file input-v2.cif (mmCIF, C-alpha atoms)
data_model
#
loop_
_atom_site.label_atom_id
_atom_site.label_comp_id
_atom_site.auth_asym_id
_atom_site.auth_seq_id
_atom_site.Cartn_x
_atom_site.Cartn_y
_atom_site.Cartn_z
CA MET A 1395 19.29 319.82 192.53
CA SER A 1396 15.82 321.26 192.91
CA PHE A 1397 17.05 324.57 191.46
CA ILE A 1398 18.22 322.80 188.30
CA LEU A 1399 15.00 320.82 187.98
CA ASN A 1400 12.80 323.88 188.50
CA ASN A 1401 14.74 326.11 186.10
CA CYS A 1402 16.01 323.66 183.49
CA LEU A 1403 14.04 325.17 180.60
CA GLY A 1404 15.52 328.57 181.44
CA ILE A 1405 18.95 326.99 181.45
CA GLY A 1406 18.22 325.63 177.97
CA ILE A 1407 17.33 329.11 176.74
CA ILE A 1408 20.58 330.46 178.18
CA PHE A 1409 22.54 327.69 176.42
CA GLY A 1410 20.83 328.61 173.15
CA LEU A 1411 21.59 332.31 173.58
CA ILE A 1412 25.24 331.61 174.35
CA PHE A 1413 25.35 329.39 171.27
CA PHE A 1414 23.99 332.06 168.94
CA VAL A 1415 26.26 334.73 170.44
CA SER A 1416 29.25 332.47 169.77
CA ILE A 1417 28.09 332.05 166.17
CA VAL A 1418 27.79 335.82 165.73
CA VAL A 1419 31.29 336.27 167.15
CA GLU A 1420 32.44 333.44 164.81
CA LYS A 1421 33.91 331.21 167.53
CA ARG A 1422 33.62 327.66 166.22
CA ILE A 1423 34.99 325.85 169.24
CA SER A 1424 32.77 327.66 171.72
CA SER A 1425 29.62 326.99 169.68
CA LEU A 1426 30.55 323.32 169.42
CA LEU A 1427 31.32 323.20 173.13
CA VAL A 1428 27.98 324.78 174.07
CA SER A 1429 26.08 322.28 171.94
CA LEU A 1430 27.97 319.37 173.52
CA ILE A 1431 27.34 320.74 177.02
CA THR A 1432 23.64 320.98 176.17
CA LEU A 1433 23.70 317.36 175.03
CA LEU A 1434 25.41 316.25 178.24
CA PHE A 1435 22.91 318.22 180.34
CA GLY A 1436 20.00 316.55 178.57
CA LEU A 1437 21.52 313.11 179.05
CA PHE A 1438 22.13 313.91 182.73
CA LEU A 1439 18.48 314.87 183.22
CA THR A 1440 17.31 311.76 181.40
CA PHE A 1441 19.49 309.39 183.41
CA TYR A 1442 18.73 311.20 186.68
CA ALA A 1443 15.00 310.80 186.09
CA ALA A 1444 15.42 307.12 185.23
CA ASN A 1445 17.49 306.31 188.33
CA LYS A 1446 16.42 308.63 191.16
CA MET A 1447 12.79 309.59 190.62
CA ASN A 1448 9.36 307.95 190.60
CA GLY A 1449 5.95 308.70 189.16
CA PHE A 1450 4.89 311.73 187.20
CA GLU A 1451 7.82 313.79 188.44
CA ALA A 1452 10.17 311.36 186.68
CA ILE A 1453 8.18 311.62 183.47
CA ASP A 1454 8.40 315.42 183.62
CA VAL A 1455 12.18 315.42 184.06
CA TYR A 1456 12.59 312.66 181.47
CA VAL A 1457 10.69 314.67 178.86
CA LYS A 1458 12.71 317.79 179.68
CA GLY A 1459 15.89 315.76 179.24
CA LEU A 1460 14.71 314.53 175.86
CA ILE A 1461 13.90 318.11 174.86
CA PHE A 1462 17.47 319.08 175.74
CA VAL A 1463 18.88 316.19 173.73
CA GLY A 1464 16.80 317.30 170.73
CA GLU A 1465 17.90 320.90 171.17
CA ALA A 1466 21.53 319.81 171.37
CA LEU A 1467 21.24 317.76 168.18
CA ILE A 1468 19.76 320.76 166.38
CA LEU A 1469 22.59 322.94 167.69
CA LEU A 1470 25.15 320.39 166.48
CA VAL A 1471 23.63 320.47 162.97
CA VAL A 1472 23.65 324.29 162.96
CA THR A 1473 27.28 324.25 164.15
CA SER A 1474 28.33 321.90 161.38
CA ILE A 1475 26.56 324.02 158.76
CA PHE A 1476 28.23 327.12 160.20
CA ILE A 1477 31.67 325.51 160.03
CA VAL A 1478 31.12 324.33 156.45
CA MET A 1479 30.02 327.80 155.38
CA GLN A 1480 33.11 329.37 156.98
CA GLU A 1481 35.36 326.89 155.20
CA GLN A 1482 33.66 327.64 151.88
CA LYS A 1483 34.31 331.35 152.41
CA LYS A 1484 37.99 330.65 153.12
CA LYS A 1485 38.36 328.61 149.93
CA THR A 1486 36.82 331.31 147.74
CA ILE A 1487 39.07 334.05 149.14
#
call {"tool": "encode", "arguments": {"input": "input-v2.cif", "output": "C-alpha coordinates"}}
result
Amino acid sequence: MSFILNNCLGIGIIFGLIFFVSIVVEKRISSLLVSLITLLFGLFLTFYAANKMNGFEAIDVYVKGLIFVGEALILLVVTSIFIVMQEQKKKTI
(Lines of atoms letter the chains of each structure in order from A and count residues from 1; the text may use other names and numbers.)
(Lines give C-alpha, C1' and ligand atoms only; values in the text may rest on other atoms or scores of the structure.)
Protein backbone atom coordinates (compact mmCIF):
# COMPACT_ATOMS: atom_id res chain seq x y z
CA MET A 1 0.00 0.00 0.00
CA SER A 2 2.89 2.34 0.65
CA PHE A 3 3.99 1.99 -2.99
CA ILE A 4 0.57 3.20 -4.17
CA LEU A 5 0.52 6.08 -1.71
CA ASN A 6 4.05 7.20 -2.59
CA ASN A 7 3.54 6.98 -6.36
CA CYS A 8 -0.14 7.82 -6.78
CA LEU A 9 0.47 11.02 -8.77
CA GLY A 10 2.64 9.04 -11.19
CA ILE A 11 -0.14 6.50 -11.49
CA GLY A 12 -2.50 9.36 -12.38
CA ILE A 13 -0.17 10.50 -15.15
CA ILE A 14 -0.03 6.96 -16.51
CA PHE A 15 -3.85 6.77 -16.48
CA GLY A 16 -3.98 10.05 -18.40
CA LEU A 17 -1.45 8.86 -20.98
CA ILE A 18 -3.33 5.60 -21.50
CA PHE A 19 -6.52 7.62 -21.91
CA PHE A 20 -5.09 9.89 -24.59
CA VAL A 21 -3.50 6.95 -26.43
CA SER A 22 -6.90 5.24 -26.50
CA ILE A 23 -8.43 8.42 -27.93
CA VAL A 24 -5.77 8.58 -30.65
CA VAL A 25 -6.42 4.94 -31.52
CA GLU A 26 -10.18 5.74 -31.47
CA LYS A 27 -11.15 3.12 -28.89
CA ARG A 28 -14.23 4.46 -27.14
CA ILE A 29 -14.70 1.69 -24.63
CA SER A 30 -11.09 1.71 -23.46
CA SER A 31 -11.09 5.49 -22.96
CA LEU A 32 -14.32 5.26 -20.99
CA LEU A 33 -12.93 2.37 -18.97
CA VAL A 34 -9.72 4.24 -18.12
CA SER A 35 -11.68 7.27 -16.94
CA LEU A 36 -13.91 5.08 -14.75
CA ILE A 37 -10.88 3.27 -13.31
CA THR A 38 -9.36 6.67 -12.49
CA LEU A 39 -12.57 7.65 -10.73
CA LEU A 40 -12.60 4.42 -8.71
CA PHE A 41 -8.93 4.89 -7.77
CA GLY A 42 -9.63 8.40 -6.53
CA LEU A 43 -12.61 7.22 -4.51
CA PHE A 44 -10.50 4.40 -3.06
CA LEU A 45 -7.82 6.85 -1.94
CA THR A 46 -10.42 9.17 -0.44
CA PHE A 47 -12.18 6.44 1.51
CA TYR A 48 -8.88 4.84 2.57
CA ALA A 49 -7.68 8.15 3.99
CA ALA A 50 -10.97 8.68 5.82
CA ASN A 51 -11.01 5.22 7.41
CA LYS A 52 -7.41 4.09 7.98
CA MET A 53 -5.24 7.17 8.47
CA ASN A 54 -4.81 10.00 10.97
CA GLY A 55 -3.35 13.48 10.96
CA PHE A 56 -1.62 15.25 8.12
CA GLU A 57 -0.91 12.02 6.29
CA ALA A 58 -4.67 11.49 5.93
CA ILE A 59 -5.12 15.02 4.61
CA ASP A 60 -2.40 14.41 2.01
CA VAL A 61 -3.99 11.19 0.74
CA TYR A 62 -7.47 12.73 0.90
CA VAL A 63 -6.40 15.65 -1.29
CA LYS A 64 -4.70 13.29 -3.75
CA GLY A 65 -7.91 11.26 -3.91
CA LEU A 66 -9.91 14.39 -4.65
CA ILE A 67 -7.43 15.32 -7.38
CA PHE A 68 -7.99 11.90 -8.95
CA VAL A 69 -11.76 12.32 -8.77
CA GLY A 70 -11.46 15.69 -10.50
CA GLU A 71 -9.15 14.25 -13.15
CA ALA A 72 -11.58 11.39 -13.75
CA LEU A 73 -14.51 13.78 -14.17
CA ILE A 74 -12.52 15.78 -16.71
CA LEU A 75 -11.65 12.57 -18.55
CA LEU A 76 -15.32 11.56 -18.58
CA VAL A 77 -16.27 14.90 -20.15
CA VAL A 78 -13.52 14.56 -22.77
CA THR A 79 -14.69 11.00 -23.50
CA SER A 80 -18.28 12.11 -24.00
CA ILE A 81 -17.20 14.93 -26.32
CA PHE A 82 -15.03 12.45 -28.24
CA ILE A 83 -17.93 10.01 -28.64
CA VAL A 84 -20.30 12.77 -29.78
CA MET A 85 -17.79 13.99 -32.36
CA GLN A 86 -17.33 10.45 -33.71
CA GLU A 87 -21.08 10.02 -34.01
CA GLN A 88 -21.38 13.33 -35.85
CA LYS A 89 -18.74 12.17 -38.33
CA LYS A 90 -20.65 8.92 -38.91
CA LYS A 91 -23.90 10.80 -39.60
CA THR A 92 -22.29 13.12 -42.15
CA ILE A 93 -20.68 10.25 -44.09
call {"tool": "axis_aligned_box", "arguments": {"input": "input-v2.cif", "around": "region 1412-1418 of chain A", "padding_each_side": "6 Å", "output": "lines of an AutoDock Vina configuration file"}}
result
center_x = 26.6
center_y = 332.6
center_z = 170.0
size_x = 17.3
size_y = 18.4
size_z = 20.6
call {"tool": "resolve_selection", "arguments": {"input": "input-v2.cif", "expression": "the PyMOL selection byres ((chain A and resi 1433) around 12)", "output": "number ranges by chain"}}
result
A: 1406, 1409-1410, 1426-1432, 1434-1440, 1458-1470
call {"tool": "write_last_selection", "arguments": {"input": "input-v2.cif", "atoms": "C-alpha atoms", "output": "short mmCIF file (atom, residue, chain, number, x, y, z; two decimals), in the frame of the given file"}}
result
data_model
loop_
_atom_site.label_atom_id
_atom_site.label_comp_id
_atom_site.auth_asym_id
_atom_site.auth_seq_id
_atom_site.Cartn_x
_atom_site.Cartn_y
_atom_site.Cartn_z
CA GLY A 1406 18.22 325.63 177.97
CA PHE A 1409 22.54 327.69 176.42
CA GLY A 1410 20.83 328.61 173.15
CA LEU A 1426 30.55 323.32 169.42
CA LEU A 1427 31.32 323.20 173.13
CA VAL A 1428 27.98 324.78 174.07
CA SER A 1429 26.08 322.28 171.94
CA LEU A 1430 27.97 319.37 173.52
CA ILE A 1431 27.34 320.74 177.02
CA THR A 1432 23.64 320.98 176.17
CA LEU A 1434 25.41 316.25 178.24
CA PHE A 1435 22.91 318.22 180.34
CA GLY A 1436 20.00 316.55 178.57
CA LEU A 1437 21.52 313.11 179.05
CA PHE A 1438 22.13 313.91 182.73
CA LEU A 1439 18.48 314.87 183.22
CA THR A 1440 17.31 311.76 181.40
CA LYS A 1458 12.71 317.79 179.68
CA GLY A 1459 15.89 315.76 179.24
CA LEU A 1460 14.71 314.53 175.86
CA ILE A 1461 13.90 318.11 174.86
CA PHE A 1462 17.47 319.08 175.74
CA VAL A 1463 18.88 316.19 173.73
CA GLY A 1464 16.80 317.30 170.73
CA GLU A 1465 17.90 320.90 171.17
CA ALA A 1466 21.53 319.81 171.37
CA LEU A 1467 21.24 317.76 168.18
CA ILE A 1468 19.76 320.76 166.38
CA LEU A 1469 22.59 322.94 167.69
CA LEU A 1470 25.15 320.39 166.48
#
call {"tool": "residues_near_point", "arguments": {"input": "input-v2.cif", "point": "(22.5, 332.1, 168.4)", "cutoff": "12 Å", "atoms": "only C-alpha atoms", "output": "ChimeraX atom specification"}}
result
/A:1407-1421,1424-1426,1428-1429,1468-1469,1472-1473,1476
call {"tool": "atom_distance", "arguments": {"input": "input-v2.cif", "atom1": "CA of Tyr1442 (chain A)", "atom2": "CA of Ile1423 (chain A)"}}
result
28.0 Å
call {"tool": "atom_distance", "arguments": {"input": "input-v2.cif", "atom1": "CA of Asn1445 (chain A)", "atom2": "CA of Gly1404 (chain A)"}}
result
23.4 Å
call {"tool": "atom_distance", "arguments": {"input": "input-v2.cif", "atom1": "CA of Val1457 (chain A)", "atom2": "CA of Ala1443 (chain A)"}}
result
9.3 Å
call {"tool": "closest_residue", "arguments": {"input": "input-v2.cif", "among": "A:Met1395, A:Tyr1456, A:Asn1400, A:Arg1422", "to": "Gln1480 (chain A)", "atoms": "only C-alpha atoms"}}
result
A:Arg1422
call {"tool": "closest_residue", "arguments": {"input": "input-v2.cif", "among": "A:Val1455, A:Lys1483, A:Gly1449, A:Phe1441", "to": "Cys1402 (chain A)", "atoms": "only C-alpha atoms"}}
result
A:Val1455
call {"tool": "build_atoms", "arguments": {"input": "input-v2.cif", "residues": "region 1402-1417 of chain A", "atoms": "N, CA, C and O atoms", "output": "PDB file, in the coordinates of the input"}}
result
ATOM      1  N   CYS A1402      15.230 324.263 184.566  1.00  0.00           N
ATOM      2  CA  CYS A1402      16.010 323.660 183.490  1.00  0.00           C
ATOM      3  C   CYS A1402      15.630 324.201 182.110  1.00  0.00           C
ATOM      4  O   CYS A1402      16.486 324.278 181.234  1.00  0.00           O
ATOM      5  N   LEU A1403      14.386 324.598 181.903  1.00  0.00           N
ATOM      6  CA  LEU A1403      14.040 325.170 180.600  1.00  0.00           C
ATOM      7  C   LEU A1403      14.671 326.551 180.423  1.00  0.00           C
ATOM      8  O   LEU A1403      15.083 326.924 179.323  1.00  0.00           O
ATOM      9  N   GLY A1404      14.797 327.295 181.492  1.00  0.00           N
ATOM     10  CA  GLY A1404      15.520 328.570 181.440  1.00  0.00           C
ATOM     11  C   GLY A1404      16.994 328.368 181.152  1.00  0.00           C
ATOM     12  O   GLY A1404      17.615 329.149 180.428  1.00  0.00           O
ATOM     13  N   ILE A1405      17.553 327.318 181.720  1.00  0.00           N
ATOM     14  CA  ILE A1405      18.950 326.990 181.450  1.00  0.00           C
ATOM     15  C   ILE A1405      19.133 326.641 179.977  1.00  0.00           C
ATOM     16  O   ILE A1405      20.125 327.025 179.357  1.00  0.00           O
ATOM     17  N   GLY A1406      18.162 325.958 179.397  1.00  0.00           N
ATOM     18  CA  GLY A1406      18.220 325.630 177.970  1.00  0.00           C
ATOM     19  C   GLY A1406      18.183 326.877 177.096  1.00  0.00           C
ATOM     20  O   GLY A1406      18.871 326.955 176.078  1.00  0.00           O
ATOM     21  N   ILE A1407      17.392 327.851 177.488  1.00  0.00           N
ATOM     22  CA  ILE A1407      17.330 329.110 176.740  1.00  0.00           C
ATOM     23  C   ILE A1407      18.664 329.836 176.832  1.00  0.00           C
ATOM     24  O   ILE A1407      19.153 330.396 175.837  1.00  0.00           O
ATOM     25  N   ILE A1408      19.272 329.818 178.013  1.00  0.00           N
ATOM     26  CA  ILE A1408      20.580 330.460 178.180  1.00  0.00           C
ATOM     27  C   ILE A1408      21.626 329.771 177.327  1.00  0.00           C
ATOM     28  O   ILE A1408      22.455 330.426 176.686  1.00  0.00           O
ATOM     29  N   PHE A1409      21.609 328.422 177.285  1.00  0.00           N
ATOM     30  CA  PHE A1409      22.540 327.690 176.420  1.00  0.00           C
ATOM     31  C   PHE A1409      22.348 328.082 174.954  1.00  0.00           C
ATOM     32  O   PHE A1409      23.311 328.277 174.218  1.00  0.00           O
ATOM     33  N   GLY A1410      21.104 328.206 174.536  1.00  0.00           N
ATOM     34  CA  GLY A1410      20.830 328.610 173.150  1.00  0.00           C
ATOM     35  C   GLY A1410      21.315 330.009 172.843  1.00  0.00           C
ATOM     36  O   GLY A1410      21.873 330.275 171.774  1.00  0.00           O
ATOM     37  N   LEU A1411      21.119 330.940 173.781  1.00  0.00           N
ATOM     38  CA  LEU A1411      21.590 332.310 173.580  1.00  0.00           C
ATOM     39  C   LEU A1411      23.107 332.379 173.511  1.00  0.00           C
ATOM     40  O   LEU A1411      23.665 333.091 172.664  1.00  0.00           O
ATOM     41  N   ILE A1412      23.774 331.649 174.394  1.00  0.00           N
ATOM     42  CA  ILE A1412      25.240 331.610 174.350  1.00  0.00           C
ATOM     43  C   ILE A1412      25.714 331.019 173.035  1.00  0.00           C
ATOM     44  O   ILE A1412      26.685 331.494 172.435  1.00  0.00           O
ATOM     45  N   PHE A1413      25.005 330.002 172.545  1.00  0.00           N
ATOM     46  CA  PHE A1413      25.350 329.390 171.270  1.00  0.00           C
ATOM     47  C   PHE A1413      25.268 330.394 170.130  1.00  0.00           C
ATOM     48  O   PHE A1413      26.191 330.519 169.319  1.00  0.00           O
ATOM     49  N   PHE A1414      24.155 331.121 170.043  1.00  0.00           N
ATOM     50  CA  PHE A1414      23.990 332.060 168.940  1.00  0.00           C
ATOM     51  C   PHE A1414      24.931 333.258 169.058  1.00  0.00           C
ATOM     52  O   PHE A1414      25.362 333.803 168.042  1.00  0.00           O
ATOM     53  N   VAL A1415      25.269 333.659 170.271  1.00  0.00           N
ATOM     54  CA  VAL A1415      26.260 334.730 170.440  1.00  0.00           C
ATOM     55  C   VAL A1415      27.625 334.244 169.956  1.00  0.00           C
ATOM     56  O   VAL A1415      28.363 334.984 169.297  1.00  0.00           O
ATOM     57  N   SER A1416      27.966 332.989 170.231  1.00  0.00           N
ATOM     58  CA  SER A1416      29.250 332.470 169.770  1.00  0.00           C
ATOM     59  C   SER A1416      29.281 332.327 168.251  1.00  0.00           C
ATOM     60  O   SER A1416      30.337 332.462 167.639  1.00  0.00           O
ATOM     61  N   ILE A1417      28.132 332.088 167.629  1.00  0.00           N
ATOM     62  CA  ILE A1417      28.090 332.050 166.170  1.00  0.00           C
ATOM     63  C   ILE A1417      28.276 333.452 165.601  1.00  0.00           C
ATOM     64  O   ILE A1417      28.988 333.646 164.609  1.00  0.00           O
TER      65      ILE A1417
END
